[in-house]
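Structure below is entry05.pdb: PDB, C-alpha atoms.
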ATOM      1  CA  MET A   1       0.000   0.000   0.000
ATOM      2  CA  ASN A   2       1.515   3.351  -1.026
ATOM      3  CA  PHE A   3       1.405   6.507   1.059
ATOM      4  CA  ILE A   4      -1.789   7.957  -0.428
ATOM      5  CA  GLU A   5      -3.645   4.647  -0.174
ATOM      6  CA  THR A   6      -2.631   4.591   3.495
ATOM      7  CA  ALA A   7      -3.842   8.185   3.901
ATOM      8  CA  ASN A   8      -7.181   7.302   2.290
ATOM      9  CA  THR A   9      -7.634   4.395   4.702
ATOM     10  CA  ILE A  10      -6.817   6.587   7.708
ATOM     11  CA  PHE A  11      -9.065   9.457   6.552
ATOM     12  CA  ALA A  12     -12.007   7.103   6.013
ATOM     13  CA  ARG A  13     -11.459   5.627   9.465
ATOM     14  CA  ALA A  14     -11.313   9.036  11.144
ATOM     15  CA  VAL A  15     -14.570  10.190   9.512
ATOM     16  CA  ARG A  16     -16.252   6.942  10.525
ATOM     17  CA  ASP A  17     -14.914   7.186  14.100
ATOM     18  CA  TYR A  18     -16.183  10.767  14.466
ATOM     19  CA  HIS A  19     -19.691   9.802  13.378
ATOM     20  CA  ARG A  20     -19.977   7.171  16.091
ATOM     21  CA  THR A  21     -20.908  10.066  18.364
ATOM     22  CA  ASP A  22     -21.438  12.862  15.791
ATOM     23  CA  ASP A  23     -20.551  15.352  18.520
ATOM     24  CA  VAL A  24     -18.159  18.266  17.969
ATOM     25  CA  ASP A  25     -17.147  18.058  21.632
ATOM     26  CA  ALA A  26     -16.433  14.319  21.658
ATOM     27  CA  PRO A  27     -12.817  13.478  22.530
ATOM     28  CA  MET A  28     -10.598  12.159  19.771
ATOM     29  CA  HIS A  29      -9.191   8.678  20.359
ATOM     30  CA  ASN A  30      -6.342   8.573  17.871
ATOM     31  CA  PRO A  31      -5.378   4.917  17.368
ATOM     32  CA  PHE A  32      -1.867   5.727  16.136
ATOM     33  CA  PRO A  33       1.244   6.536  18.199
ATOM     34  CA  ALA A  34       1.907  10.238  18.715
ATOM     35  CA  GLY A  35       4.795  11.535  16.644
ATOM     36  CA  THR A  36       4.035   9.302  13.646
ATOM     37  CA  ILE A  37       2.780  10.462  10.262
ATOM     38  CA  GLN A  38      -0.214   8.142  10.718
ATOM     39  CA  TYR A  39      -1.135  10.008  13.908
ATOM     40  CA  ASP A  40      -0.947  13.336  12.081
ATOM     41  CA  LEU A  41      -3.102  12.091   9.188
ATOM     42  CA  TYR A  42      -5.788  10.851  11.575
ATOM     43  CA  LEU A  43      -5.671  14.129  13.516
ATOM     44  CA  LYS A  44      -5.867  16.102  10.270
ATOM     45  CA  ASN A  45      -9.091  14.443   9.220
ATOM     46  CA  TRP A  46     -10.564  14.675  12.727
ATOM     47  CA  ILE A  47     -10.001  18.447  12.681
ATOM     48  CA  ASP A  48     -11.594  18.685   9.224
ATOM     49  CA  THR A  49     -14.619  16.626  10.275
ATOM     50  CA  VAL A  50     -15.253  18.595  13.451
ATOM     51  CA  GLN A  51     -14.890  21.877  11.569
ATOM     52  CA  TRP A  52     -17.369  20.693   8.919
ATOM     53  CA  HIS A  53     -19.974  20.277  11.658
ATOM     54  CA  LEU A  54     -19.115  23.587  13.318
ATOM     55  CA  GLU A  55     -19.703  25.256   9.940
ATOM     56  CA  ASP A  56     -23.136  23.552   9.806
ATOM     57  CA  ILE A  57     -24.042  24.676  13.325
ATOM     58  CA  ILE A  58     -23.079  28.316  12.808
ATOM     59  CA  ARG A  59     -25.410  28.546   9.786
ATOM     60  CA  ASP A  60     -28.501  27.918  11.905
ATOM     61  CA  PRO A  61     -30.585  31.106  11.353
ATOM     62  CA  ASP A  62     -31.906  30.845  14.923
ATOM     63  CA  ILE A  63     -28.523  30.468  16.591
ATOM     64  CA  ASP A  64     -27.870  32.608  19.652
ATOM     65  CA  PRO A  65     -25.432  35.410  18.680
ATOM     66  CA  VAL A  66     -23.209  34.727  21.682
ATOM     67  CA  GLN A  67     -22.991  31.049  20.735
ATOM     68  CA  ALA A  68     -22.333  31.998  17.109
ATOM     69  CA  LEU A  69     -19.396  34.209  18.124
ATOM     70  CA  ALA A  70     -17.962  31.454  20.295
ATOM     71  CA  ILE A  71     -18.200  28.999  17.399
ATOM     72  CA  LYS A  72     -16.621  31.533  15.025
ATOM     73  CA  HIS A  73     -13.655  31.821  17.396
ATOM     74  CA  ARG A  74     -13.504  28.042  17.568
ATOM     75  CA  ILE A  75     -13.471  27.787  13.759
ATOM     76  CA  ASP A  76     -10.670  30.366  13.586
ATOM     77  CA  HIS A  77      -8.664  28.324  16.095
ATOM     78  CA  SER A  78      -9.402  25.147  14.113
ATOM     79  CA  ASN A  79      -8.166  26.782  10.900
ATOM     80  CA  GLN A  80      -4.910  27.704  12.607
ATOM     81  CA  GLU A  81      -4.532  24.147  13.949
ATOM     82  CA  ARG A  82      -5.193  22.808  10.463
ATOM     83  CA  THR A  83      -2.563  25.083   8.905
ATOM     84  CA  ASP A  84       0.029  24.180  11.539
ATOM     85  CA  LEU A  85      -0.654  20.490  11.032
ATOM     86  CA  VAL A  86      -0.412  20.712   7.231
ATOM     87  CA  GLU A  87       2.953  22.401   7.615
ATOM     88  CA  ARG A  88       4.070  19.632   9.970
ATOM     89  CA  ILE A  89       3.060  17.038   7.378
ATOM     90  CA  ASP A  90       4.998  19.022   4.773
ATOM     91  CA  SER A  91       8.039  18.819   7.033
ATOM     92  CA  TYR A  92       7.706  15.038   6.863
ATOM     93  CA  PHE A  93       7.851  15.179   3.062
ATOM     94  CA  TRP A  94      10.680  17.702   3.116
ATOM     95  CA  ASP A  95      12.743  15.320   5.252
ATOM     96  CA  LEU A  96      11.870  12.513   2.856
ATOM     97  CA  TYR A  97      12.727  14.230  -0.432
ATOM     98  CA  HIS A  98      14.933  17.283   0.102
ATOM     99  CA  ASP A  99      18.135  15.318  -0.546
ATOM    100  CA  VAL A 100      16.907  14.099  -3.947
ATOM    101  CA  THR A 101      18.944  15.740  -6.699
ATOM    102  CA  PRO A 102      16.543  17.235  -9.267
ATOM    103  CA  LEU A 103      17.042  16.040 -12.812
ATOM    104  CA  PRO A 104      17.629  18.546 -15.640
ATOM    105  CA  GLY A 105      14.295  20.071 -16.568
ATOM    106  CA  ALA A 106      12.678  19.116 -13.252
ATOM    107  CA  ARG A 107       9.527  21.131 -12.610
ATOM    108  CA  ILE A 108       7.948  22.668  -9.549
ATOM    109  CA  ASN A 109       4.370  22.129  -8.414
ATOM    110  CA  THR A 110       1.654  24.678  -7.641
ATOM    111  CA  GLU A 111       1.234  23.396  -4.081
ATOM    112  CA  SER A 112       3.143  21.344  -1.577
ATOM    113  CA  PRO A 113       2.229  17.671  -1.065
ATOM    114  CA  ALA A 114       0.615  18.300   2.323
ATOM    115  CA  TRP A 115      -1.773  20.912   0.917
ATOM    116  CA  ALA A 116      -2.833  18.394  -1.722
ATOM    117  CA  ILE A 117      -3.379  15.886   1.086
ATOM    118  CA  ASP A 118      -5.377  18.559   2.937
ATOM    119  CA  ARG A 119      -7.815  18.631  -0.002
ATOM    120  CA  LEU A 120      -7.898  14.835  -0.030
ATOM    121  CA  SER A 121      -8.850  14.765   3.657
ATOM    122  CA  ILE A 122     -11.671  17.262   3.143
ATOM    123  CA  LEU A 123     -12.868  15.237   0.166
ATOM    124  CA  HIS A 124     -13.379  12.256   2.472
ATOM    125  CA  VAL A 125     -15.576  14.413   4.703
ATOM    126  CA  LYS A 126     -17.595  15.545   1.667
ATOM    127  CA  LEU A 127     -18.016  11.947   0.518
ATOM    128  CA  TRP A 128     -19.380  10.865   3.898
ATOM    129  CA  HIS A 129     -21.935  13.655   3.994
ATOM    130  CA  MET A 130     -23.014  13.345   0.382
ATOM    131  CA  ASP A 131     -23.504   9.636   0.938
ATOM    132  CA  GLU A 132     -25.750  10.575   3.876
ATOM    133  CA  GLN A 133     -27.793  12.788   1.565
ATOM    134  CA  VAL A 134     -28.178  10.003  -0.982
ATOM    135  CA  ALA A 135     -29.455   7.697   1.768
ATOM    136  CA  ARG A 136     -32.203  10.108   2.892
ATOM    137  CA  THR A 137     -35.802   8.978   2.419
ATOM    138  CA  ASP A 138     -37.448  12.327   3.195
ATOM    139  CA  VAL A 139     -36.497  14.078  -0.068
ATOM    140  CA  SER A 140     -37.868  14.216  -3.586
ATOM    141  CA  GLU A 141     -36.640  11.870  -6.305
ATOM    142  CA  GLU A 142     -35.180  14.912  -8.067
ATOM    143  CA  GLN A 143     -33.051  15.848  -5.057
ATOM    144  CA  HIS A 144     -32.029  12.227  -4.562
ATOM    145  CA  LEU A 145     -30.802  12.001  -8.164
ATOM    146  CA  LYS A 146     -28.910  15.306  -7.887
ATOM    147  CA  CYS A 147     -27.132  14.085  -4.768
ATOM    148  CA  LYS A 148     -26.398  10.738  -6.390
ATOM    149  CA  ALA A 149     -24.804  12.534  -9.360
ATOM    150  CA  LYS A 150     -22.707  14.665  -6.997
ATOM    151  CA  LEU A 151     -21.612  11.572  -5.096
ATOM    152  CA  ASP A 152     -20.494   9.959  -8.353
ATOM    153  CA  VAL A 153     -18.394  13.042  -9.145
ATOM    154  CA  LEU A 154     -16.836  13.030  -5.667
ATOM    155  CA  ARG A 155     -15.910   9.358  -6.039
ATOM    156  CA  GLU A 156     -14.292  10.072  -9.385
ATOM    157  CA  GLN A 157     -12.436  12.978  -7.822
ATOM    158  CA  LEU A 158     -11.193  10.696  -5.034
ATOM    159  CA  SER A 159      -9.816   8.274  -7.616
ATOM    160  CA  ASP A 160      -8.181  11.069  -9.613
ATOM    161  CA  MET A 161      -6.665  12.742  -6.549
ATOM    162  CA  THR A 162      -5.339   9.435  -5.252
ATOM    163  CA  THR A 163      -3.609   8.874  -8.576
ATOM    164  CA  SER A 164      -2.315  12.410  -9.053
ATOM    165  CA  ILE A 165      -0.895  12.821  -5.535
ATOM    166  CA  SER A 166       0.726   9.388  -5.750
ATOM    167  CA  GLN A 167       2.295  10.422  -9.062
ATOM    168  CA  LEU A 168       3.499  13.679  -7.522
ATOM    169  CA  LEU A 169       5.277  11.791  -4.725
ATOM    170  CA  GLU A 170       6.795   9.430  -7.308
ATOM    171  CA  ASP A 171       8.053  12.463  -9.243
ATOM    172  CA  TYR A 172       9.681  13.887  -6.090
ATOM    173  CA  ALA A 173      11.417  10.570  -5.430
ATOM    174  CA  ALA A 174      12.610  10.362  -9.046
ATOM    175  CA  GLY A 175      13.823  13.968  -9.148
ATOM    176  CA  THR A 176      11.490  14.979 -11.983
ATOM    177  CA  ARG A 177       9.795  17.496  -9.677
ATOM    178  CA  ILE A 178      11.495  19.766  -7.179
ATOM    179  CA  MET A 179      10.376  19.518  -3.562
ATOM    180  CA  LYS A 180       9.671  23.013  -2.241
ATOM    181  CA  VAL A 181       7.663  24.108   0.792
ATOM    182  CA  TYR A 182       6.244  27.582   1.377
ATOM    183  CA  ARG A 183       4.813  28.346   4.801
ATOM    184  CA  GLN A 184       1.409  30.001   4.851
ATOM    185  CA  MET A 185       2.505  33.024   6.924
ATOM    186  CA  LYS A 186      -1.070  33.782   7.968
ATOM    187  CA  MET A 187      -1.345  37.250   9.434
ATOM    188  CA  TYR A 188      -4.789  37.598  10.996
ATOM    189  CA  ASN A 189      -3.990  35.439  14.048
ATOM    190  CA  ASP A 190      -0.694  37.211  14.723
ATOM    191  CA  PRO A 191      -1.157  40.177  17.100
ATOM    192  CA  SER A 192       1.995  41.791  15.696
ATOM    193  CA  LEU A 193       0.732  41.665  12.072
ATOM    194  CA  ASN A 194      -3.051  42.131  12.293
ATOM    195  CA  PRO A 195      -3.659  45.932  12.386
ATOM    196  CA  VAL A 196      -6.916  45.508  14.317
ATOM    197  CA  LEU A 197      -4.908  43.825  17.078
ATOM    198  CA  TYR A 198      -1.622  45.731  17.133
ATOM    199  CA  LYS A 199      -3.344  49.143  17.002
ATOM    200  CA  LYS A 200      -5.048  48.313  20.305
ATOM    201  CA  LYS A 201      -1.697  48.114  22.094
TER     202      LYS A 201
END

Mind turning the file's structure into structure tokens?
Amino acid sequence: MNFIETANTIFARAVRDYHRTDDVDAPMHNPFPAGTIQYDLYLKNWIDTVQWHLEDIIRDPDIDPVQALAIKHRIDHSNQERTDLVERIDSYFWDLYHDVTPLPGARINTESPAWAIDRLSILHVKLWHMDEQVARTDVSEEQHLKCKAKLDVLREQLSDMTTSISQLLEDYAAGTRIMKVYRQMKMYNDPSLNPVLYKKK
């Protein structure tokens, strides 16, 4: 099993584990040892799954404004956790491939491998929830067919992403693509860079 097939297995497990309680406050029971890439992949999908549900909750038109603000802060914190974790996963790939000598004509990629894996993780969350929509019995046949068509597209996308990310990693190993990592350098959470925050000092 190659790396991306392993990631797919872990992401599917994490989504399934979350939905045993379907509770954004449920504790995560990561089955993998801390400090391993498997642990980080499981954690990555758990964060994505919880955030998916927080985004659902905050869109309730009858939500209490105080609760909505608290959830918004929680989503902001989750986004920062997600970014930090993606960069940690990129460090894993950097350690793996940075000593590979690029071949003449080697190309660069538009995103780092971990940001591609970030999209793969979120795709697993989408697949779970679209599958839920297809299984509903309280909707019209028209809506059922629309959801079924969307699920088919998501499954095709999963197959394509699995192939393309695997090929990208093969290219890094072969030296036909150059491994480069750019940190996100987000500014809004940094009190020294966000003008709304540093002007209050």

Evaluated on this file, the PyMOL selection byres ((chain A and resi 168-171) around 10) picks out some residues - which ones are they, written as a PDB file with C-alpha atoms, in the frame of the given file?
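Just written: result03.pdb:
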ATOM      1  CA  ASN A   2       1.515   3.351  -1.026  1.00  0.00           C
ATOM      2  CA  PHE A   3       1.405   6.507   1.059  1.00  0.00           C
ATOM      3  CA  ILE A   4      -1.789   7.957  -0.428  1.00  0.00           C
ATOM      4  CA  PHE A  93       7.851  15.179   3.062  1.00  0.00           C
ATOM      5  CA  TYR A  97      12.727  14.230  -0.432  1.00  0.00           C
ATOM      6  CA  PRO A 102      16.543  17.235  -9.267  1.00  0.00           C
ATOM      7  CA  ALA A 106      12.678  19.116 -13.252  1.00  0.00           C
ATOM      8  CA  ARG A 107       9.527  21.131 -12.610  1.00  0.00           C
ATOM      9  CA  ASN A 109       4.370  22.129  -8.414  1.00  0.00           C
ATOM     10  CA  SER A 112       3.143  21.344  -1.577  1.00  0.00           C
ATOM     11  CA  PRO A 113       2.229  17.671  -1.065  1.00  0.00           C
ATOM     12  CA  ALA A 116      -2.833  18.394  -1.722  1.00  0.00           C
ATOM     13  CA  THR A 163      -3.609   8.874  -8.576  1.00  0.00           C
ATOM     14  CA  SER A 164      -2.315  12.410  -9.053  1.00  0.00           C
ATOM     15  CA  ILE A 165      -0.895  12.821  -5.535  1.00  0.00           C
ATOM     16  CA  SER A 166       0.726   9.388  -5.750  1.00  0.00           C
ATOM     17  CA  GLN A 167       2.295  10.422  -9.062  1.00  0.00           C
ATOM     18  CA  TYR A 172       9.681  13.887  -6.090  1.00  0.00           C
ATOM     19  CA  ALA A 173      11.417  10.570  -5.430  1.00  0.00           C
ATOM     20  CA  ALA A 174      12.610  10.362  -9.046  1.00  0.00           C
ATOM     21  CA  GLY A 175      13.823  13.968  -9.148  1.00  0.00           C
ATOM     22  CA  THR A 176      11.490  14.979 -11.983  1.00  0.00           C
ATOM     23  CA  ARG A 177       9.795  17.496  -9.677  1.00  0.00           C
ATOM     24  CA  ILE A 178      11.495  19.766  -7.179  1.00  0.00           C
ATOM     25  CA  MET A 179      10.376  19.518  -3.562  1.00  0.00           C
TER      26      MET A 179
END

* Starting from the shown file, work through the PyMOL selection byres ((chain A and resi 71-88) around 9) and note down what comes out as a ChimeraX atom specification. => /A:40-41,43-44,47-48,50-51,54-55,57-58,66-70,89-92,114-115,117-118,181-184,186,189

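Computed from the coordinates, the CA of Pro104 (chain A) to CA of Asp160 (chain A) distance equals 27.5 Å.
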
* With distances taken over only C-alpha atoms, which of A:Thr49, A:Ala34, A:Glu156, A:Cys147 is nearest to Ser121 (chain A)? -> A:Thr49

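As for CA of Pro33 (chain A) and CA of Thr21 (chain A), they are spaced 22.4 Å apart.
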
* Output check: residues returned by the PyMOL selection byres ((chain A and resi 27) around 12), as a list in words -> Asp17, Tyr18, Arg20, Thr21, Asp22, Asp23, Val24, Asp25, Ala26, Met28, His29, Asn30, Leu43, Trp46, Ile47 and Val50 of chain A

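Between CA of Ala12 (chain A) and CA of Lys150 (chain A) the separation is 18.5 Å.
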
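Minimum atom-to-atom distance to Thr162 (chain A), evaluated using only C-alpha atoms, belongs to A:His124 out of A:Asp138, A:His124, A:Ile63, A:Glu132.
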
May I have the centre and edge lengths, in Å to one decimal, of an axis-aligned box around the listed atoms of region 14-26 of chain A with 5 Å added to every side, as JSON?
{"center_x": -16.4, "center_y": 12.6, "center_z": 15.6, "size_x": 20.1, "size_y": 21.3, "size_z": 22.1}

* To do: For each of A:Val15, A:Ala135, A:Ala7, A:Leu145, take the minimum atom-to-atom distance to Gln38 (chain A), counting all atoms listed in the file, then give the residue where this is smallest.
  => A:Ala7

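Closest to Asp152 (chain A) among A:Leu103, A:Met130, A:Pro31, A:Arg119 is A:Met130, based on only C-alpha atoms.
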